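> Just so it is clear, I am handing over structure.cif, which has mmCIF, C-alpha atoms and all ligand atoms.
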data_query
#
loop_
_atom_site.label_atom_id
_atom_site.label_comp_id
_atom_site.auth_asym_id
_atom_site.auth_seq_id
_atom_site.Cartn_x
_atom_site.Cartn_y
_atom_site.Cartn_z
CA MET C 447 -21.27 2.78 72.26
CA GLU C 448 -18.58 5.46 72.52
CA SER C 449 -16.72 5.62 69.25
CA LYS C 450 -13.14 4.35 69.22
CA ILE C 451 -10.92 4.16 66.17
CA THR C 452 -10.10 0.52 65.49
CA LYS C 453 -8.74 0.39 61.96
CA ILE C 454 -6.63 2.57 59.64
CA GLU C 455 -6.16 1.45 56.05
CA THR C 456 -4.16 3.18 53.33
CA TYR C 457 -4.55 2.85 49.58
CA ILE C 458 -2.15 4.03 46.91
CA VAL C 459 -4.35 4.74 43.92
CA ARG C 460 -2.52 4.95 40.63
CA ASP C 461 -3.71 5.58 37.11
CA LYS C 462 -1.65 5.92 33.93
CA LEU C 463 -2.68 8.83 31.73
CA SER C 464 -3.59 8.23 28.10
CA GLN C 465 -1.55 11.32 27.23
CA SER C 466 1.22 12.95 29.26
CA PHE C 467 1.15 16.69 29.90
CA TYR C 468 3.64 19.26 31.14
CA PHE C 469 3.70 22.23 33.43
CA SER C 470 6.60 24.55 34.22
CA GLN C 471 8.37 21.98 36.43
CA TRP C 472 7.97 18.52 34.96
CA LYS C 473 5.87 16.04 33.00
CA TYR C 474 2.83 14.20 34.35
CA SER C 475 2.32 10.69 33.01
CA GLU C 476 0.20 9.28 35.82
CA ARG C 477 -1.95 10.35 38.73
CA CYS C 478 -1.09 8.74 42.03
CA ILE C 479 -2.88 9.51 45.29
CA CYS C 480 -2.68 8.19 48.85
CA LEU C 481 -6.06 7.64 50.48
CA VAL C 482 -6.82 6.63 54.03
CA LYS C 483 -9.88 4.92 55.48
CA ILE C 484 -10.47 5.08 59.22
CA THR C 485 -13.04 2.79 60.85
CA ASP C 486 -14.40 2.78 64.40
CA ASN C 487 -15.69 0.05 66.71
CA ASN C 488 -19.29 0.73 65.58
CA GLY C 489 -18.43 0.05 61.95
CA ASN C 490 -18.61 3.73 60.92
CA TYR C 491 -15.84 4.93 58.66
CA GLY C 492 -14.39 8.06 57.09
CA TRP C 493 -12.15 8.73 54.10
CA GLY C 494 -9.22 11.07 53.79
CA GLU C 495 -6.70 12.05 51.17
CA GLY C 496 -3.22 13.56 51.31
CA TYR C 497 -1.58 15.85 48.76
CA GLY C 498 2.02 14.92 48.00
CA PRO C 499 4.12 11.88 47.01
CA ALA C 500 1.76 9.00 47.77
CA GLU C 501 4.30 6.42 48.97
CA VAL C 502 5.93 8.84 51.41
CA LEU C 503 2.54 9.97 52.66
CA GLU C 504 1.60 6.38 53.31
CA VAL C 505 4.71 5.82 55.45
CA GLY C 506 3.76 8.92 57.44
CA ILE C 507 0.29 7.54 58.07
CA LYS C 508 1.81 4.26 59.25
CA LEU C 509 4.05 6.19 61.63
CA LEU C 510 1.05 7.97 63.13
CA LYS C 511 -1.22 4.93 63.27
CA PRO C 512 -0.31 3.71 66.80
CA ILE C 513 -1.25 7.02 68.41
CA ILE C 514 -4.63 7.15 66.68
CA ILE C 515 -5.89 3.64 67.34
CA GLY C 516 -8.24 3.69 70.33
CA GLU C 517 -8.92 7.44 70.11
CA ASN C 518 -12.45 8.85 69.96
CA PRO C 519 -12.94 10.58 66.56
CA MET C 520 -15.12 13.23 68.22
CA ASN C 521 -11.89 14.66 69.66
CA ASN C 522 -10.36 15.73 66.35
CA GLU C 523 -8.37 18.62 67.86
CA VAL C 524 -6.92 16.40 70.58
CA ILE C 525 -5.91 13.77 68.01
CA TRP C 526 -4.49 16.48 65.74
CA SER C 527 -2.33 17.75 68.58
CA LYS C 528 -0.96 14.28 69.30
CA MET C 529 -0.03 13.84 65.63
CA TYR C 530 1.59 17.26 65.54
CA ARG C 531 3.68 16.51 68.62
CA LYS C 532 4.79 13.20 67.14
CA THR C 533 6.14 14.87 63.98
CA LEU C 534 7.12 18.38 65.13
CA ASP C 535 10.79 17.64 65.74
CA PHE C 536 11.31 16.30 62.24
CA ALA C 537 8.76 17.80 59.88
CA ARG C 538 7.28 21.20 60.63
CA LYS C 539 6.59 21.48 56.91
CA GLY C 540 6.21 18.92 54.17
CA VAL C 541 4.88 15.50 53.54
CA LEU C 542 4.43 14.36 57.15
CA VAL C 543 2.06 17.29 57.59
CA ALA C 544 0.22 15.93 54.55
CA SER C 545 -0.03 12.55 56.33
CA ILE C 546 -1.55 14.35 59.34
CA SER C 547 -3.92 16.11 56.91
CA ALA C 548 -5.14 12.86 55.34
CA ILE C 549 -5.84 11.37 58.77
CA ASP C 550 -7.55 14.52 60.05
CA ILE C 551 -9.83 14.59 57.00
CA ALA C 552 -10.80 10.94 57.49
CA ILE C 553 -11.52 11.62 61.17
CA MET C 554 -13.73 14.60 60.28
CA ASP C 555 -15.60 12.50 57.71
CA LEU C 556 -16.05 9.75 60.30
CA LYS C 557 -17.17 12.25 62.95
CA GLY C 558 -19.71 13.78 60.57
CA LYS C 559 -21.04 10.40 59.48
CA THR C 560 -21.33 9.29 63.10
CA LEU C 561 -23.22 12.44 64.12
CA GLY C 562 -25.27 12.61 60.91
CA LEU C 563 -23.91 16.09 60.11
CA PRO C 564 -21.96 17.50 57.17
CA VAL C 565 -18.40 18.62 57.92
CA SER C 566 -19.45 22.24 57.24
CA ASN C 567 -21.70 21.95 60.33
CA LEU C 568 -18.91 20.45 62.42
CA ILE C 569 -16.73 23.48 61.74
CA GLY C 570 -19.45 26.03 62.44
CA GLY C 571 -22.00 25.92 59.65
CA ALA C 572 -22.41 26.74 55.97
CA HIS C 573 -22.44 30.43 55.03
CA ARG C 574 -23.41 29.50 51.48
CA LYS C 575 -25.00 26.68 49.51
CA LYS C 576 -23.08 26.95 46.24
CA VAL C 577 -19.63 27.67 44.91
CA GLN C 578 -18.42 28.73 41.50
CA PRO C 579 -15.91 26.24 40.12
CA TYR C 580 -13.01 27.44 38.01
CA ALA C 581 -11.37 25.15 35.49
CA THR C 582 -7.73 24.34 36.08
CA GLY C 583 -6.35 23.22 32.77
CA MET C 584 -4.41 24.61 29.84
CA TYR C 585 -1.35 22.55 30.62
CA PHE C 586 1.19 22.02 27.85
CA SER C 587 0.45 18.92 25.81
CA ASP C 588 3.21 19.75 23.35
CA LEU C 589 6.22 21.80 24.46
CA LYS C 590 7.08 22.76 20.86
CA ASN C 591 3.60 24.16 20.32
CA PRO C 592 2.12 24.80 23.78
CA SER C 593 -0.97 26.67 22.64
CA LYS C 594 -1.94 23.97 20.13
CA ASN C 595 -5.09 22.83 21.95
CA TYR C 596 -6.12 26.09 23.61
CA GLN C 597 -9.14 26.80 21.42
CA LYS C 598 -10.63 23.32 21.78
CA GLU C 599 -9.93 23.07 25.48
CA ALA C 600 -11.27 26.56 26.32
CA GLU C 601 -14.45 25.91 24.36
CA LYS C 602 -14.96 22.66 26.25
CA TYR C 603 -14.79 24.43 29.62
CA ILE C 604 -17.08 27.24 28.54
CA ASN C 605 -19.61 24.70 27.22
CA MET C 606 -19.46 22.89 30.58
CA GLY C 607 -20.55 26.14 32.25
CA PHE C 608 -17.24 27.35 33.65
CA LYS C 609 -17.02 31.12 34.02
CA ALA C 610 -13.35 31.12 35.03
CA ILE C 611 -10.27 29.36 33.64
CA LYS C 612 -6.74 29.05 35.01
CA MET C 613 -3.96 28.49 32.52
CA LYS C 614 -0.36 27.43 33.00
CA VAL C 615 2.52 29.77 32.31
CA GLY C 616 6.22 29.45 33.14
CA LEU C 617 7.78 28.78 29.73
CA GLY C 618 9.59 32.13 29.58
CA VAL C 619 8.23 35.67 29.49
CA LYS C 620 7.99 35.91 25.69
CA GLN C 621 6.20 32.59 25.23
CA ASP C 622 3.88 33.25 28.17
CA PHE C 623 2.92 36.68 26.82
CA HIS C 624 2.01 35.10 23.49
CA ASN C 625 -0.04 32.36 25.18
CA VAL C 626 -1.92 34.65 27.59
CA LYS C 627 -2.76 37.11 24.80
CA LEU C 628 -4.05 34.25 22.66
CA MET C 629 -6.11 32.83 25.51
CA ARG C 630 -7.78 36.17 26.21
CA GLU C 631 -8.63 36.46 22.51
CA ILE C 632 -10.14 32.96 22.51
CA ILE C 633 -12.30 33.32 25.63
CA GLY C 634 -13.34 36.97 25.21
CA ASN C 635 -13.75 39.43 28.06
CA ASP C 636 -16.50 37.77 30.10
CA ILE C 637 -14.57 34.73 31.35
CA MET C 638 -12.25 35.18 34.31
CA LEU C 639 -8.66 34.27 33.48
CA MET C 640 -5.98 33.32 36.00
CA ILE C 641 -2.39 32.25 35.39
CA ASP C 642 -0.15 29.88 37.35
CA SER C 643 3.61 29.57 36.87
CA ASN C 644 4.18 27.00 39.64
CA HIS C 645 7.07 29.10 40.94
CA ALA C 646 8.94 29.18 37.65
CA TYR C 647 10.39 32.68 37.82
CA GLU C 648 13.01 34.89 39.32
CA TYR C 649 11.79 38.25 40.57
CA ASN C 650 12.65 40.30 37.47
CA GLU C 651 11.06 37.80 35.13
CA ALA C 652 7.87 37.66 37.20
CA LEU C 653 7.68 41.45 37.27
CA SER C 654 8.32 41.73 33.55
CA LEU C 655 5.62 39.18 32.72
CA SER C 656 3.16 40.84 35.11
CA LYS C 657 3.62 44.27 33.53
CA LYS C 658 3.23 42.88 30.00
CA ILE C 659 -0.02 41.03 30.75
CA GLU C 660 -1.76 43.52 33.03
CA GLN C 661 -3.74 44.63 29.96
CA PHE C 662 -5.43 41.19 29.72
CA ASP C 663 -7.48 41.49 32.93
CA ILE C 664 -5.80 38.69 34.88
CA SER C 665 -7.69 37.77 38.06
CA TRP C 666 -4.56 36.41 39.75
CA PHE C 667 -0.98 35.36 39.09
CA GLU C 668 -0.41 32.16 41.08
CA GLU C 669 3.01 31.18 42.40
CA PRO C 670 5.03 33.60 40.28
CA LEU C 671 8.09 33.01 42.51
CA SER C 672 9.63 30.32 44.66
CA PRO C 673 7.57 29.78 47.81
CA GLU C 674 10.73 30.45 49.83
CA TYR C 675 10.87 34.15 48.88
CA TYR C 676 8.28 35.80 51.12
CA GLU C 677 9.77 39.29 50.69
CA GLN C 678 10.01 39.07 46.91
CA TYR C 679 6.32 38.15 46.79
CA ALA C 680 5.57 41.30 48.81
CA GLU C 681 7.71 43.39 46.47
CA LEU C 682 5.99 41.99 43.39
CA ARG C 683 2.57 42.79 44.87
CA LYS C 684 3.59 46.42 45.23
CA ASN C 685 4.63 46.66 41.61
CA THR C 686 1.76 45.09 39.69
CA ILE C 687 -2.00 45.53 39.64
CA ILE C 688 -2.43 41.76 39.15
CA PRO C 689 -3.39 40.08 42.45
CA ILE C 690 -0.74 37.59 43.60
CA ALA C 691 -1.86 34.15 44.81
CA GLY C 692 -0.05 31.24 46.42
CA GLY C 693 0.21 28.94 49.41
CA GLU C 694 -0.14 25.42 47.98
CA CYS C 695 3.45 24.71 49.14
CA GLU C 696 2.87 26.15 52.63
CA TYR C 697 2.04 24.24 55.80
CA LEU C 698 0.32 24.76 59.13
CA ARG C 699 -0.95 28.00 60.70
CA PHE C 700 2.65 28.93 61.49
CA GLY C 701 3.69 28.90 57.84
CA PHE C 702 0.60 30.81 56.76
CA LEU C 703 1.16 33.36 59.51
CA GLN C 704 4.58 34.03 57.98
CA LEU C 705 3.00 34.54 54.54
CA LEU C 706 0.43 36.91 56.01
CA LYS C 707 2.88 38.88 58.14
CA SER C 708 5.16 39.32 55.12
CA LYS C 709 2.21 40.70 53.10
CA SER C 710 3.22 38.21 50.40
CA LEU C 711 -0.16 37.40 48.91
CA ASP C 712 -3.50 38.86 47.85
CA ILE C 713 -5.11 35.38 47.84
CA LEU C 714 -4.18 32.49 50.12
CA GLN C 715 -4.36 28.98 48.64
CA PRO C 716 -3.83 26.34 51.33
CA ASP C 717 -4.29 22.77 50.16
CA ILE C 718 -6.41 21.23 52.92
CA CYS C 719 -5.00 17.79 52.06
CA SER C 720 -1.48 18.96 52.96
CA CYS C 721 -1.64 22.14 55.09
CA GLY C 722 -2.76 20.19 58.19
CA GLY C 723 -6.26 18.96 57.32
CA ILE C 724 -9.63 20.51 58.04
CA THR C 725 -8.84 21.12 61.72
CA GLU C 726 -5.79 23.22 60.84
CA ALA C 727 -7.29 24.85 57.73
CA LYS C 728 -10.01 26.29 59.95
CA ARG C 729 -7.30 27.98 62.03
CA ILE C 730 -5.54 29.22 58.88
CA ALA C 731 -8.87 30.71 57.76
CA ALA C 732 -9.19 32.56 61.08
CA LEU C 733 -5.68 33.98 60.62
CA ALA C 734 -6.46 35.01 57.04
CA THR C 735 -9.54 36.98 58.12
CA SER C 736 -7.40 38.74 60.73
CA TYR C 737 -5.26 40.05 57.87
CA GLY C 738 -8.16 40.62 55.43
CA VAL C 739 -6.84 38.11 52.91
CA PRO C 740 -9.34 35.85 51.08
CA ILE C 741 -8.85 32.10 50.70
CA VAL C 742 -9.33 30.02 47.57
CA PRO C 743 -8.09 26.53 48.51
CA HIS C 744 -5.77 24.63 46.23
CA THR C 745 -7.12 21.23 45.14
CA TRP C 746 -5.39 18.61 43.04
CA GLY C 747 -6.57 15.12 43.72
CA SER C 748 -9.58 12.83 43.91
CA GLY C 749 -13.22 13.58 44.58
CA ILE C 750 -12.41 13.33 48.28
CA GLY C 751 -10.12 16.36 48.07
CA ILE C 752 -12.71 18.31 46.11
CA HIS C 753 -15.39 17.55 48.69
CA VAL C 754 -13.06 18.58 51.50
CA ALA C 755 -12.68 21.94 49.73
CA LEU C 756 -16.46 22.22 49.22
CA GLN C 757 -17.19 21.73 52.93
CA PHE C 758 -14.43 24.14 53.90
CA ILE C 759 -15.49 26.86 51.45
CA ALA C 760 -19.07 26.57 52.73
CA ASN C 761 -17.78 27.69 56.12
CA LEU C 762 -15.42 30.48 54.95
CA GLU C 763 -16.31 33.74 56.63
CA SER C 764 -16.60 36.79 54.44
CA ILE C 765 -15.43 40.03 56.03
CA PRO C 766 -16.90 42.52 55.33
CA GLY C 767 -20.13 40.85 54.28
CA ARG C 768 -22.49 42.42 51.79
CA LEU C 769 -25.95 41.87 50.36
CA VAL C 770 -24.69 40.47 47.05
CA GLU C 771 -21.72 38.28 47.84
CA ALA C 772 -18.95 37.80 45.29
CA PRO C 773 -18.81 34.16 44.15
CA PHE C 774 -16.64 31.83 46.22
CA LEU C 775 -14.36 29.92 43.90
CA LEU C 776 -13.55 26.21 43.92
CA GLU C 777 -10.50 24.95 42.07
CA TYR C 778 -11.78 22.15 39.82
CA ASP C 779 -8.92 20.50 37.93
CA GLN C 780 -10.02 19.34 34.49
CA THR C 781 -6.94 17.44 33.33
CA GLU C 782 -7.26 13.71 32.72
CA ASN C 783 -7.89 12.01 36.08
CA ARG C 784 -10.12 8.99 36.32
CA ILE C 785 -9.50 8.81 40.06
CA ARG C 786 -11.13 12.23 40.42
CA ASP C 787 -13.98 11.32 38.09
CA TYR C 788 -14.88 7.82 39.27
CA LEU C 789 -13.67 7.17 42.82
CA THR C 790 -16.40 9.00 44.73
CA ILE C 791 -20.18 8.89 44.56
CA PRO C 792 -22.36 10.82 43.94
CA LYS C 793 -20.67 12.60 41.04
CA ILE C 794 -20.01 16.31 41.08
CA GLU C 795 -22.40 18.25 38.87
CA ILE C 796 -22.00 21.75 37.48
CA LYS C 797 -25.35 23.49 37.00
CA ASN C 798 -25.54 27.03 35.64
CA GLY C 799 -21.84 27.42 36.33
CA GLU C 800 -22.20 26.46 40.00
CA ILE C 801 -21.73 23.42 42.24
CA GLN C 802 -24.11 22.71 45.09
CA ILE C 803 -22.31 22.06 48.38
CA PRO C 804 -23.43 18.61 49.65
CA THR C 805 -25.33 18.46 52.92
CA ASN C 806 -25.04 14.71 53.44
CA PRO C 807 -23.17 13.58 56.57
CA GLY C 808 -19.38 13.88 56.66
CA LEU C 809 -17.82 14.98 53.41
CA GLY C 810 -21.07 14.16 51.63
CA VAL C 811 -19.58 11.42 49.48
CA ASP C 812 -18.68 7.78 49.67
CA VAL C 813 -15.93 5.88 47.91
CA ASP C 814 -16.94 3.41 45.23
CA GLU C 815 -14.68 0.61 46.41
CA ARG C 816 -14.89 -1.26 43.11
CA PHE C 817 -12.87 1.52 41.52
CA LEU C 818 -10.55 1.66 44.47
CA TYR C 819 -9.49 -1.93 43.95
CA ASP C 820 -9.02 -1.29 40.25
CA PHE C 821 -6.82 1.72 40.68
CA SER C 822 -4.81 0.33 43.58
CA GLY C 823 -3.60 -2.48 41.37
CA SER C 824 -5.69 -5.41 42.58
CA ASP C 825 -6.64 -8.08 40.08
CA GLU C 826 -10.08 -8.51 41.57
CA ILE C 827 -11.88 -6.48 38.95
CA ASP C 828 -10.95 -5.87 35.34
CA ILE C 829 -10.29 -2.18 35.09
CA LYS C 830 -11.81 -1.74 31.63
CA LYS C 831 -14.97 -3.59 32.56
CA VAL C 832 -15.65 -1.24 35.44
CA VAL C 833 -14.46 2.06 34.11
CA VAL C 834 -16.00 2.11 30.66
MG MG D 901 -0.99 26.13 41.46
#
Starting from the file, give its structure as structure tokens.


Amino acid sequence: MESKITKIETYIVRDKLSQSFYFSQWKYSERCICLVKITDNNGNYGWGEGYGPAEVLEVGIKLLKPIIIGENPMNNEVIWSKMYRKTLDFARKGVLVASISAIDIAIMDLKGKTLGLPVSNLIGGAHRKKVQPYATGMYFSDLKNPSKNYQKEAEKYINMGFKAIKMKVGLGVKQDFHNVKLMREIIGNDIMLMIDSNHAYEYNEALSLSKKIEQFDISWFEEPLSPEYYEQYAELRKNTIIPIAGGECEYLRFGFLQLLKSKSLDILQPDICSCGGITEAKRIAALATSYGVPIVPHTWGSGIGIHVALQFIANLESIPGRLVEAPFLLEYDQTENRIRDYLTIPKIEIKNGEIQIPTNPGLGVDVDERFLYDFSGSDEIDIKKVVV
């Protein structure tokens, strides 16, 4: 029977952290994610996830629900266009685009599961079978002594097989210099090191920090400046040898076109769970190749978000190609997050520093609904009993 979407369910999944941590902007004490499940008349279903404030995202999904019910999930671009038209007048950037993204991802998962094909096939095929994860960590557990746990944490990542680590900066140029120098000493010269300030700096501060740390072989400086300052990003790029990365606060092909035209970035980092979903990320990737700018997607969520990135990276075109391809990187957050670790099955495995891209239908994962009910606050299952 022709597939028709019959049901859209949202889940706010919340988990308190055992220990809060900081980055340059604020403190994290919990992880909270909005998920969406879309089911069709044949009983097939797909899962999606949005990146952004979960409660607001959920409202956006509710707003879009009436125009999705009854649609055929095979027509993901047509559905995407309807959602875009519904929100264009009010939200060309921001959380409503993340709501569109969550729905689009669930539709692509459903489409893949219905056709028995992985999402990488739906968007044109997998250029590669594996990615190299990099560890996102090195947040500040103690603002008075931010480098307190660096040694222990870095060793943990290296023992897990990571060959690249991204650390947080944004505490001031002097403190950052001290921390980056220390980190390079701890990990030696063979591990890639990236830094991320989460747009903590004014231009002169970002330039000063860049010049001071060029000696430490930094693979990229992520969000040195406010995402609003396209020209300042371009100026910074001209004045440092450190590649400049960003894009997690950007939306839609139109926003990314502006970043590309302004020559703001060496590396584009769309978050597929907020930039417009898989359907739009594919268009952003086409734009990026037109400008010769590589993509390393931003990920910060559950196993759904990570699998979205895996399928997308599988399909990323490399121009120019070469016999021995440079590794394609996957952002793999390592901060405390039980939603990321337990929500989806099968689990993600790192082997010899690499992650195999799943070839199962859809996103290649399913949601373990027992955990879902735990984390979304239901009393049905005792959280400790299930999680431990
Ligand atoms: Mg970042």

> Around ligand MG 901 (chain D), which protein and nucleic acid residues have at least one atom no more than 7 Å from it, if we count only C-alpha atoms and all ligand atoms? List them as a ChimeraX atom specification.

/C:642,644,668-669,694,744

> Do a neighbour search on C:Ser593 at 12 Å with all atoms listed in the file, toss out local chain neighbours closer than 5 positions, and write the hits as a list in words.

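Listing them by chain and then by number gives Gly583, Met584, Tyr585, Phe586, Ser587, Asp588, Lys598, Glu599, Ala600, Met613, Lys614, Val615, Leu617, Gln621, Asp622, Phe623, His624, Asn625, Val626, Lys627, Leu628, Met629 and Ile632 of chain C.
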
> Excluding C:Glu677 and its own-chain neighbours fewer than 3 positions away, which residues fall within 8 Å of it when counting all atoms listed in the file? Please give them as a PDB file with C-alpha atoms, keeping the file's coordinate frame.


ATOM      1  CA  ALA C 680       5.570  41.300  48.810  1.00  0.00           C
ATOM      2  CA  GLU C 681       7.710  43.390  46.470  1.00  0.00           C
ATOM      3  CA  SER C 708       5.160  39.320  55.120  1.00  0.00           C
ATOM      4  CA  SER C 710       3.220  38.210  50.400  1.00  0.00           C
TER       5      SER C 710
END

> Name the residues in contact with C:Ala537 at a cut-off of 12 Å, using all atoms listed in the file, excluding same-chain residues fewer than 6 positions from it; report them as an MDAnalysis selection string.

chainID C and resid 506 529:531 543:546 697:698 722

> Would you mind reading off the distance between atom CA of C:Tyr778 and atom CA of C:Gln578, one decimal, in Å?

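One can read the atom CA of C:Tyr778 to atom CA of C:Gln578 distance as 9.5 Å.
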
> When you look at stretch 550-563 of chain C with a cut-off of 10 Å (counting only C-alpha atoms), what residues show up, excluding the ones that are within fewer than 5 positions of it in the same chain? I need them as an mmCIF file with C-alpha atoms, in the coordinates of the input.


data_model
loop_
_atom_site.group_PDB
_atom_site.id
_atom_site.type_symbol
_atom_site.label_atom_id
_atom_site.label_comp_id
_atom_site.auth_asym_id
_atom_site.auth_seq_id
_atom_site.Cartn_x
_atom_site.Cartn_y
_atom_site.Cartn_z
ATOM 1 C CA SER C 449 -16.720 5.620 69.250
ATOM 2 C CA ILE C 451 -10.920 4.160 66.170
ATOM 3 C CA ILE C 454 -6.630 2.570 59.640
ATOM 4 C CA LEU C 481 -6.060 7.640 50.480
ATOM 5 C CA VAL C 482 -6.820 6.630 54.030
ATOM 6 C CA LYS C 483 -9.880 4.920 55.480
ATOM 7 C CA ILE C 484 -10.470 5.080 59.220
ATOM 8 C CA THR C 485 -13.040 2.790 60.850
ATOM 9 C CA ASP C 486 -14.400 2.780 64.400
ATOM 10 C CA ASN C 488 -19.290 0.730 65.580
ATOM 11 C CA GLY C 489 -18.430 0.050 61.950
ATOM 12 C CA ASN C 490 -18.610 3.730 60.920
ATOM 13 C CA TYR C 491 -15.840 4.930 58.660
ATOM 14 C CA GLY C 492 -14.390 8.060 57.090
ATOM 15 C CA TRP C 493 -12.150 8.730 54.100
ATOM 16 C CA GLY C 494 -9.220 11.070 53.790
ATOM 17 C CA GLU C 495 -6.700 12.050 51.170
ATOM 18 C CA GLY C 496 -3.220 13.560 51.310
ATOM 19 C CA ILE C 514 -4.630 7.150 66.680
ATOM 20 C CA ASN C 518 -12.450 8.850 69.960
ATOM 21 C CA PRO C 519 -12.940 10.580 66.560
ATOM 22 C CA MET C 520 -15.120 13.230 68.220
ATOM 23 C CA ASN C 521 -11.890 14.660 69.660
ATOM 24 C CA ASN C 522 -10.360 15.730 66.350
ATOM 25 C CA GLU C 523 -8.370 18.620 67.860
ATOM 26 C CA ILE C 525 -5.910 13.770 68.010
ATOM 27 C CA TRP C 526 -4.490 16.480 65.740
ATOM 28 C CA MET C 529 -0.030 13.840 65.630
ATOM 29 C CA ALA C 544 0.220 15.930 54.550
ATOM 30 C CA SER C 545 -0.030 12.550 56.330
ATOM 31 C CA LEU C 568 -18.910 20.450 62.420
ATOM 32 C CA ILE C 569 -16.730 23.480 61.740
ATOM 33 C CA ILE C 718 -6.410 21.230 52.920
ATOM 34 C CA CYS C 719 -5.000 17.790 52.060
ATOM 35 C CA GLY C 722 -2.760 20.190 58.190
ATOM 36 C CA GLY C 723 -6.260 18.960 57.320
ATOM 37 C CA ILE C 724 -9.630 20.510 58.040
ATOM 38 C CA THR C 725 -8.840 21.120 61.720
ATOM 39 C CA GLU C 726 -5.790 23.220 60.840
ATOM 40 C CA ILE C 750 -12.410 13.330 48.280
ATOM 41 C CA GLY C 751 -10.120 16.360 48.070
ATOM 42 C CA VAL C 754 -13.060 18.580 51.500
ATOM 43 C CA THR C 805 -25.330 18.460 52.920
ATOM 44 C CA ASN C 806 -25.040 14.710 53.440
ATOM 45 C CA PRO C 807 -23.170 13.580 56.570
ATOM 46 C CA GLY C 808 -19.380 13.880 56.660
ATOM 47 C CA LEU C 809 -17.820 14.980 53.410
ATOM 48 C CA GLY C 810 -21.070 14.160 51.630
ATOM 49 C CA VAL C 811 -19.580 11.420 49.480
ATOM 50 C CA ASP C 812 -18.680 7.780 49.670
#

> Can you tell me how far atom CA of C:Asp820 sits from atom CA of C:Val459, in Å to one decimal?

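A separation of 8.5 Å between them.
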
> I'd like to know which of C:Leu769, C:Cys721, C:Ile604, C:Ile713 is closest to C:Cys695, using all atoms listed in the file.

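Of all the options, C:Cys721 lies closest to C:Cys695.
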
> Quick one: pull the distance between atom CA of C:Ala691 and atom CA of C:Val619, Å, one decimal.

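According to the coordinates, atom CA of C:Ala691 and atom CA of C:Val619 are separated by 18.4 Å.
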
> If I only have part of stretch 619-630 of chain C, can you fill in N, CA and C atoms and write it as a PDB file, in the frame of the given file?


ATOM      1  N   VAL C 619       9.113  34.505  29.556  1.00  0.00           N
ATOM      2  CA  VAL C 619       8.230  35.670  29.490  1.00  0.00           C
ATOM      3  C   VAL C 619       7.635  35.843  28.081  1.00  0.00           C
ATOM      4  N   LYS C 620       8.447  35.681  27.065  1.00  0.00           N
ATOM      5  CA  LYS C 620       7.990  35.910  25.690  1.00  0.00           C
ATOM      6  C   LYS C 620       6.890  34.907  25.297  1.00  0.00           C
ATOM      7  N   GLN C 621       7.169  33.644  25.559  1.00  0.00           N
ATOM      8  CA  GLN C 621       6.200  32.590  25.230  1.00  0.00           C
ATOM      9  C   GLN C 621       4.910  32.760  26.042  1.00  0.00           C
ATOM     10  N   ASP C 622       5.059  33.067  27.321  1.00  0.00           N
ATOM     11  CA  ASP C 622       3.880  33.250  28.170  1.00  0.00           C
ATOM     12  C   ASP C 622       3.018  34.414  27.678  1.00  0.00           C
ATOM     13  N   PHE C 623       3.679  35.520  27.316  1.00  0.00           N
ATOM     14  CA  PHE C 623       2.920  36.680  26.820  1.00  0.00           C
ATOM     15  C   PHE C 623       2.080  36.271  25.612  1.00  0.00           C
ATOM     16  N   HIS C 624       2.710  35.572  24.694  1.00  0.00           N
ATOM     17  CA  HIS C 624       2.010  35.100  23.490  1.00  0.00           C
ATOM     18  C   HIS C 624       0.800  34.235  23.874  1.00  0.00           C
ATOM     19  N   ASN C 625       1.027  33.297  24.804  1.00  0.00           N
ATOM     20  CA  ASN C 625      -0.040  32.360  25.180  1.00  0.00           C
ATOM     21  C   ASN C 625      -1.192  33.046  25.898  1.00  0.00           C
ATOM     22  N   VAL C 626      -0.874  33.972  26.816  1.00  0.00           N
ATOM     23  CA  VAL C 626      -1.920  34.650  27.590  1.00  0.00           C
ATOM     24  C   VAL C 626      -2.748  35.547  26.657  1.00  0.00           C
ATOM     25  N   LYS C 627      -2.062  36.236  25.772  1.00  0.00           N
ATOM     26  CA  LYS C 627      -2.760  37.110  24.800  1.00  0.00           C
ATOM     27  C   LYS C 627      -3.735  36.272  23.961  1.00  0.00           C
ATOM     28  N   LEU C 628      -3.228  35.141  23.477  1.00  0.00           N
ATOM     29  CA  LEU C 628      -4.050  34.250  22.660  1.00  0.00           C
ATOM     30  C   LEU C 628      -5.259  33.742  23.449  1.00  0.00           C
ATOM     31  N   MET C 629      -5.015  33.360  24.690  1.00  0.00           N
ATOM     32  CA  MET C 629      -6.110  32.830  25.510  1.00  0.00           C
ATOM     33  C   MET C 629      -7.193  33.885  25.732  1.00  0.00           C
ATOM     34  N   ARG C 630      -6.785  35.109  26.003  1.00  0.00           N
ATOM     35  CA  ARG C 630      -7.780  36.170  26.210  1.00  0.00           C
ATOM     36  C   ARG C 630      -8.587  36.390  24.923  1.00  0.00           C
TER      37      ARG C 630
END
